[in-house]
Amino acid sequence: MKDFWDSILSFSQTTVKTVGQQFLKDFGSAQANEKDDGSLVTQSDNWADAEIRSAIASTFPSHGILSEEGEHVFPDTEWCWVVDPLDATTNFARGVPIWGISLGLLYRGTPVFGCVHLPPVNQSFHGFYAGDLAGDNVLANMPQGAFLNNRPICPTADKMSGNHIFNLCSRSVGIGPHLPSKIRMLGMASYNFLTVASGVAMGGVEATPKIWDIAGSWVIVKAAGAVWLPLESQAIFPLEVGKNYGRICYPTLVMNRQELVSVFLPFVEAWKKRKMG
């Protein structure tokens, strides 16, 4: 199976970098349209979606595909790729150089490999994580760990201070004034979480990420040793065969370590109460 995992990594890195090179040519001139859910889509999104789906189908014909711009119903296949062909379309369309391509490979509905590439900043993350599936023979020889540009990453162990960073999304800015840290808003859900995994930020929250925003980054965050905390009670994985994931959101808090969850979670929960009230 080692050859299989080598092929997964090689395929993913080659595919996202090829797509990313075209994105860099399109960046700054893309025209955006609004979808039914209010989010933006460009011709680049649709081109990349078709390109990635075609590459997966020709290289791994037995694998299923769940994609933001394509099929939203989880298929009855042992392996399934979850694709965000352009994460942070708004940034891309408005000229902000924080956007990328996200791939997650699921085994029996749970991500075991993730790859997220940000062409404008030349950063490529990937990770392998077996988690509760570690006893499965199919995953016995799977690599482990989280990487940025092929170098191992881990969350920061720094003591908390007011000069550290906590990431917000546009729908969670109400938390900002109350936090014991500096705040940043990156506009890219997967990168929000990956900056925690790589030691840049202490934590981050996303109020409305979809499955394609988190499938790839979840693996890398878990493999790096950071804490992934769903803010709603339902389990995210494994995904359910036949279920439509197009409109389901997964509010999430990611922290660099468990001891700081108790510091930041009360601010997040208080914000949720204010929002609901």
# chains A, B, ... in the order shown; residues from 1 in each chain; ligands from 1

$ closest_atom_pairs --of "segment 130-181 of chain A" --to "segment 224-248 of chain A" --cutoff "8 Å" --atoms "only C-alpha atoms" --output "Markdown table"
| residue | atom | partner | partner_atom | distance |
| --- | --- | --- | --- | --- |
| A:Gly145 | CA | A:Ala224 | CA | 6.2 |
| A:Ala146 | CA | A:Ala224 | CA | 5.0 |
| A:Ile153 | CA | A:Ala224 | CA | 6.2 |
| A:Cys154 | CA | A:Ala224 | CA | 4.9 |
| A:Pro155 | CA | A:Ala226 | CA | 6.1 |

$ residues_around --residues "Met160 of chain A" --least-positions-apart "3" --cutoff "10 Å" --atoms "only C-alpha atoms" --output "PyMOL selection string"
chain A and resi 156-157+163-165+180-181+202+260+263

$ closest_residue --among "A:Asn46, A:Ser262, A:Asn141, A:Asn256" --to "Ser67 of chain A" --atoms "only C-alpha atoms"
A:Asn46

$ closest_atom_pairs --of "segment 56-139 of chain A" --to "segment 11-15 of chain A" --cutoff "9 Å" --atoms "only C-alpha atoms" --output "JSON lines"
{"residue": "A:Ile56", "atom": "CA", "partner": "A:Phe11", "partner_atom": "CA", "distance": 8.7}
{"residue": "A:Thr59", "atom": "CA", "partner": "A:Phe11", "partner_atom": "CA", "distance": 8.3}
{"residue": "A:Leu103", "atom": "CA", "partner": "A:Ser12", "partner_atom": "CA", "distance": 7.5}
{"residue": "A:Gly114", "atom": "CA", "partner": "A:Ser12", "partner_atom": "CA", "distance": 8.8}
{"residue": "A:Cys115", "atom": "CA", "partner": "A:Ser12", "partner_atom": "CA", "distance": 6.7}
{"residue": "A:Val116", "atom": "CA", "partner": "A:Gln13", "partner_atom": "CA", "distance": 8.8}
{"residue": "A:His117", "atom": "CA", "partner": "A:Gln13", "partner_atom": "CA", "distance": 8.0}
{"residue": "A:Ser124", "atom": "CA", "partner": "A:Gln13", "partner_atom": "CA", "distance": 7.9}
{"residue": "A:His126", "atom": "CA", "partner": "A:Gln13", "partner_atom": "CA", "distance": 8.6}

$ residues_around --residues "Met142 of chain A" --least-positions-apart "5" --cutoff "10 Å" --atoms "only C-alpha atoms" --output "tab-separated table (two decimals) with all heavy atoms, in the first residue's frame"
chain	number	residue	atom	x	y	z
A	1	MET	N	0.82	-1.23	0.00
A	1	MET	CA	0.00	0.00	0.00
A	1	MET	C	0.84	1.27	0.00
A	1	MET	O	0.34	2.35	-0.25
A	1	MET	CB	-0.92	0.01	1.23
A	1	MET	CG	-2.10	-0.93	1.12
A	1	MET	SD	-3.26	-0.44	-0.18
A	1	MET	CE	-4.02	1.01	0.56
A	2	LYS	N	2.16	1.12	0.29
A	2	LYS	CA	2.98	2.32	0.30
A	2	LYS	C	2.95	3.01	-1.07
A	2	LYS	O	2.88	4.23	-1.16
A	2	LYS	CB	4.42	1.98	0.69
A	2	LYS	CG	5.32	3.22	0.81
A	2	LYS	CD	6.72	2.85	1.26
A	2	LYS	CE	7.57	4.10	1.47
A	2	LYS	NZ	7.73	4.90	0.24
A	3	ASP	N	2.99	2.21	-2.14
A	3	ASP	CA	2.93	2.79	-3.47
A	3	ASP	C	1.61	3.54	-3.68
A	3	ASP	O	1.57	4.56	-4.37
A	3	ASP	CB	3.08	1.69	-4.53
A	3	ASP	CG	4.50	1.13	-4.59
A	3	ASP	OD1	5.40	1.79	-4.06
A	3	ASP	OD2	4.69	0.04	-5.15
A	4	PHE	N	0.55	3.02	-3.08
A	4	PHE	CA	-0.76	3.68	-3.19
A	4	PHE	C	-0.70	5.06	-2.56
A	4	PHE	O	-1.15	6.05	-3.16
A	4	PHE	CB	-1.82	2.83	-2.50
A	4	PHE	CG	-3.17	3.50	-2.39
A	4	PHE	CD1	-3.98	3.65	-3.50
A	4	PHE	CD2	-3.61	4.00	-1.17
A	4	PHE	CE1	-5.23	4.28	-3.40
A	4	PHE	CE2	-4.85	4.62	-1.05
A	4	PHE	CZ	-5.66	4.76	-2.18
A	5	TRP	N	-0.14	5.16	-1.35
A	5	TRP	CA	-0.09	6.45	-0.67
A	5	TRP	C	0.87	7.42	-1.36
A	5	TRP	O	0.62	8.62	-1.42
A	5	TRP	CB	0.29	6.26	0.80
A	5	TRP	CG	-0.75	5.48	1.53
A	5	TRP	CD1	-0.64	4.22	2.06
A	5	TRP	CD2	-2.10	5.89	1.77
A	5	TRP	NE1	-1.83	3.84	2.62
A	5	TRP	CE2	-2.75	4.83	2.46
A	5	TRP	CE3	-2.82	7.05	1.48
A	5	TRP	CZ2	-4.07	4.90	2.86
A	5	TRP	CZ3	-4.16	7.12	1.87
A	5	TRP	CH2	-4.76	6.05	2.55
A	6	ASP	N	1.96	6.86	-1.90
A	6	ASP	CA	2.86	7.71	-2.70
A	6	ASP	C	2.13	8.29	-3.90
A	6	ASP	O	2.30	9.46	-4.25
A	6	ASP	CB	4.07	6.90	-3.17
A	6	ASP	CG	5.06	6.59	-2.05
A	6	ASP	OD1	4.96	7.23	-0.97
A	6	ASP	OD2	5.91	5.71	-2.24
A	112	VAL	N	-8.76	10.71	5.51
A	112	VAL	CA	-7.49	10.14	5.95
A	112	VAL	C	-6.30	10.87	5.31
A	112	VAL	O	-5.16	10.70	5.74
A	112	VAL	CB	-7.40	8.63	5.66
A	112	VAL	CG1	-8.43	7.87	6.48
A	112	VAL	CG2	-7.60	8.34	4.16
A	113	PHE	N	-6.57	11.67	4.29
A	113	PHE	CA	-5.52	12.43	3.62
A	113	PHE	C	-6.09	13.78	3.21
A	113	PHE	O	-7.24	13.89	2.78
A	113	PHE	CB	-5.02	11.70	2.37
A	113	PHE	CG	-4.13	12.54	1.49
A	113	PHE	CD1	-2.80	12.74	1.81
A	113	PHE	CD2	-4.64	13.16	0.35
A	113	PHE	CE1	-1.99	13.55	1.01
A	113	PHE	CE2	-3.84	13.96	-0.46
A	113	PHE	CZ	-2.50	14.15	-0.12
A	128	PHE	N	-1.56	13.11	6.62
A	128	PHE	CA	-2.16	11.78	6.69
A	128	PHE	C	-2.58	11.54	8.14
A	128	PHE	O	-1.81	11.80	9.07
A	128	PHE	CB	-1.15	10.70	6.31
A	128	PHE	CG	-0.64	10.79	4.89
A	128	PHE	CD1	0.50	11.52	4.58
A	128	PHE	CD2	-1.28	10.11	3.86
A	128	PHE	CE1	0.99	11.57	3.28
A	128	PHE	CE2	-0.81	10.16	2.56
A	128	PHE	CZ	0.33	10.89	2.28
A	129	TYR	N	-3.79	11.03	8.32
A	129	TYR	CA	-4.30	10.81	9.68
A	129	TYR	C	-5.28	9.65	9.67
A	129	TYR	O	-6.34	9.73	9.04
A	129	TYR	CB	-4.97	12.07	10.20
A	129	TYR	CG	-5.52	11.95	11.60
A	129	TYR	CD1	-4.67	11.96	12.71
A	129	TYR	CD2	-6.89	11.85	11.82
A	129	TYR	CE1	-5.17	11.86	13.99
A	129	TYR	CE2	-7.41	11.76	13.11
A	129	TYR	CZ	-6.54	11.76	14.19
A	129	TYR	OH	-7.05	11.66	15.46
A	130	ALA	N	-4.94	8.58	10.38
A	130	ALA	CA	-5.80	7.40	10.43
A	130	ALA	C	-6.83	7.50	11.55
A	130	ALA	O	-7.96	7.01	11.40
A	130	ALA	CB	-4.97	6.14	10.59
A	134	ALA	N	-7.28	3.52	12.53
A	134	ALA	CA	-5.90	3.04	12.52
A	134	ALA	C	-5.78	1.52	12.49
A	134	ALA	O	-4.80	0.97	12.01
A	134	ALA	CB	-5.14	3.61	13.72
A	137	ASN	N	-6.71	-2.71	8.17
A	137	ASN	CA	-5.55	-3.20	7.43
A	137	ASN	C	-5.24	-2.36	6.20
A	137	ASN	O	-4.07	-2.23	5.80
A	137	ASN	CB	-5.76	-4.65	7.00
A	137	ASN	CG	-5.71	-5.60	8.18
A	137	ASN	OD1	-5.09	-5.30	9.20
A	137	ASN	ND2	-6.36	-6.76	8.05

$ select_by_dssp --residues "segment 121-223 of chain A" --states "helix (DSSP H, G or I)" --output "PyMOL selection string"
chain A and resi 121+131-133+137-139+173-178+189-197+211-223

$ atom_distance --atom1 "atom CA of Ala215 of chain A" --atom2 "atom CA of Val82 of chain A"
6.5 Å

$ closest_residue --among "A:Lys17, A:Arg257, A:Lys210, A:Lys25" --to "Lys222 of chain A" --atoms "only C-alpha atoms"
A:Arg257

$ closest_residue --among "A:Thr208, A:Val121, A:Cys169, A:Ser217" --to "Tyr250 of chain A" --atoms "only C-alpha atoms"
A:Thr208

$ residues_around --residues "segment 94-98 of chain A" --least-positions-apart "4" --cutoff "7 Å" --atoms "only C-alpha atoms" --output "list in words"
Phe27, Gly28, Thr90, Pro120 and Met188 of chain A

$ residues_around --residues "Ala50 of chain A" --least-positions-apart "6" --cutoff "9 Å" --atoms "only C-alpha atoms" --output "list in words"
Glu69, Gly70 and Pro85 of chain A

$ closest_residue --among "A:Ala93, A:Ala57, A:Leu106, A:Ala197" --to "Leu24 of chain A" --atoms "only C-alpha atoms"
A:Ala93

$ closest_residue --among "A:Ala55, A:Ile101, A:Val200, A:Val73" --to "Val16 of chain A" --atoms "only C-alpha atoms"
A:Ile101

$ select_by_dssp --residues "segment 188-240 of chain A" --states "strand (DSSP E)" --output "PyMOL selection string"
chain A and resi 203-206+227-230

$ closest_residue --among "A:Ile214, A:Leu133, A:Ile175, A:Ala201" --to "Asp158 of chain A" --atoms "only C-alpha atoms"
A:Ala201
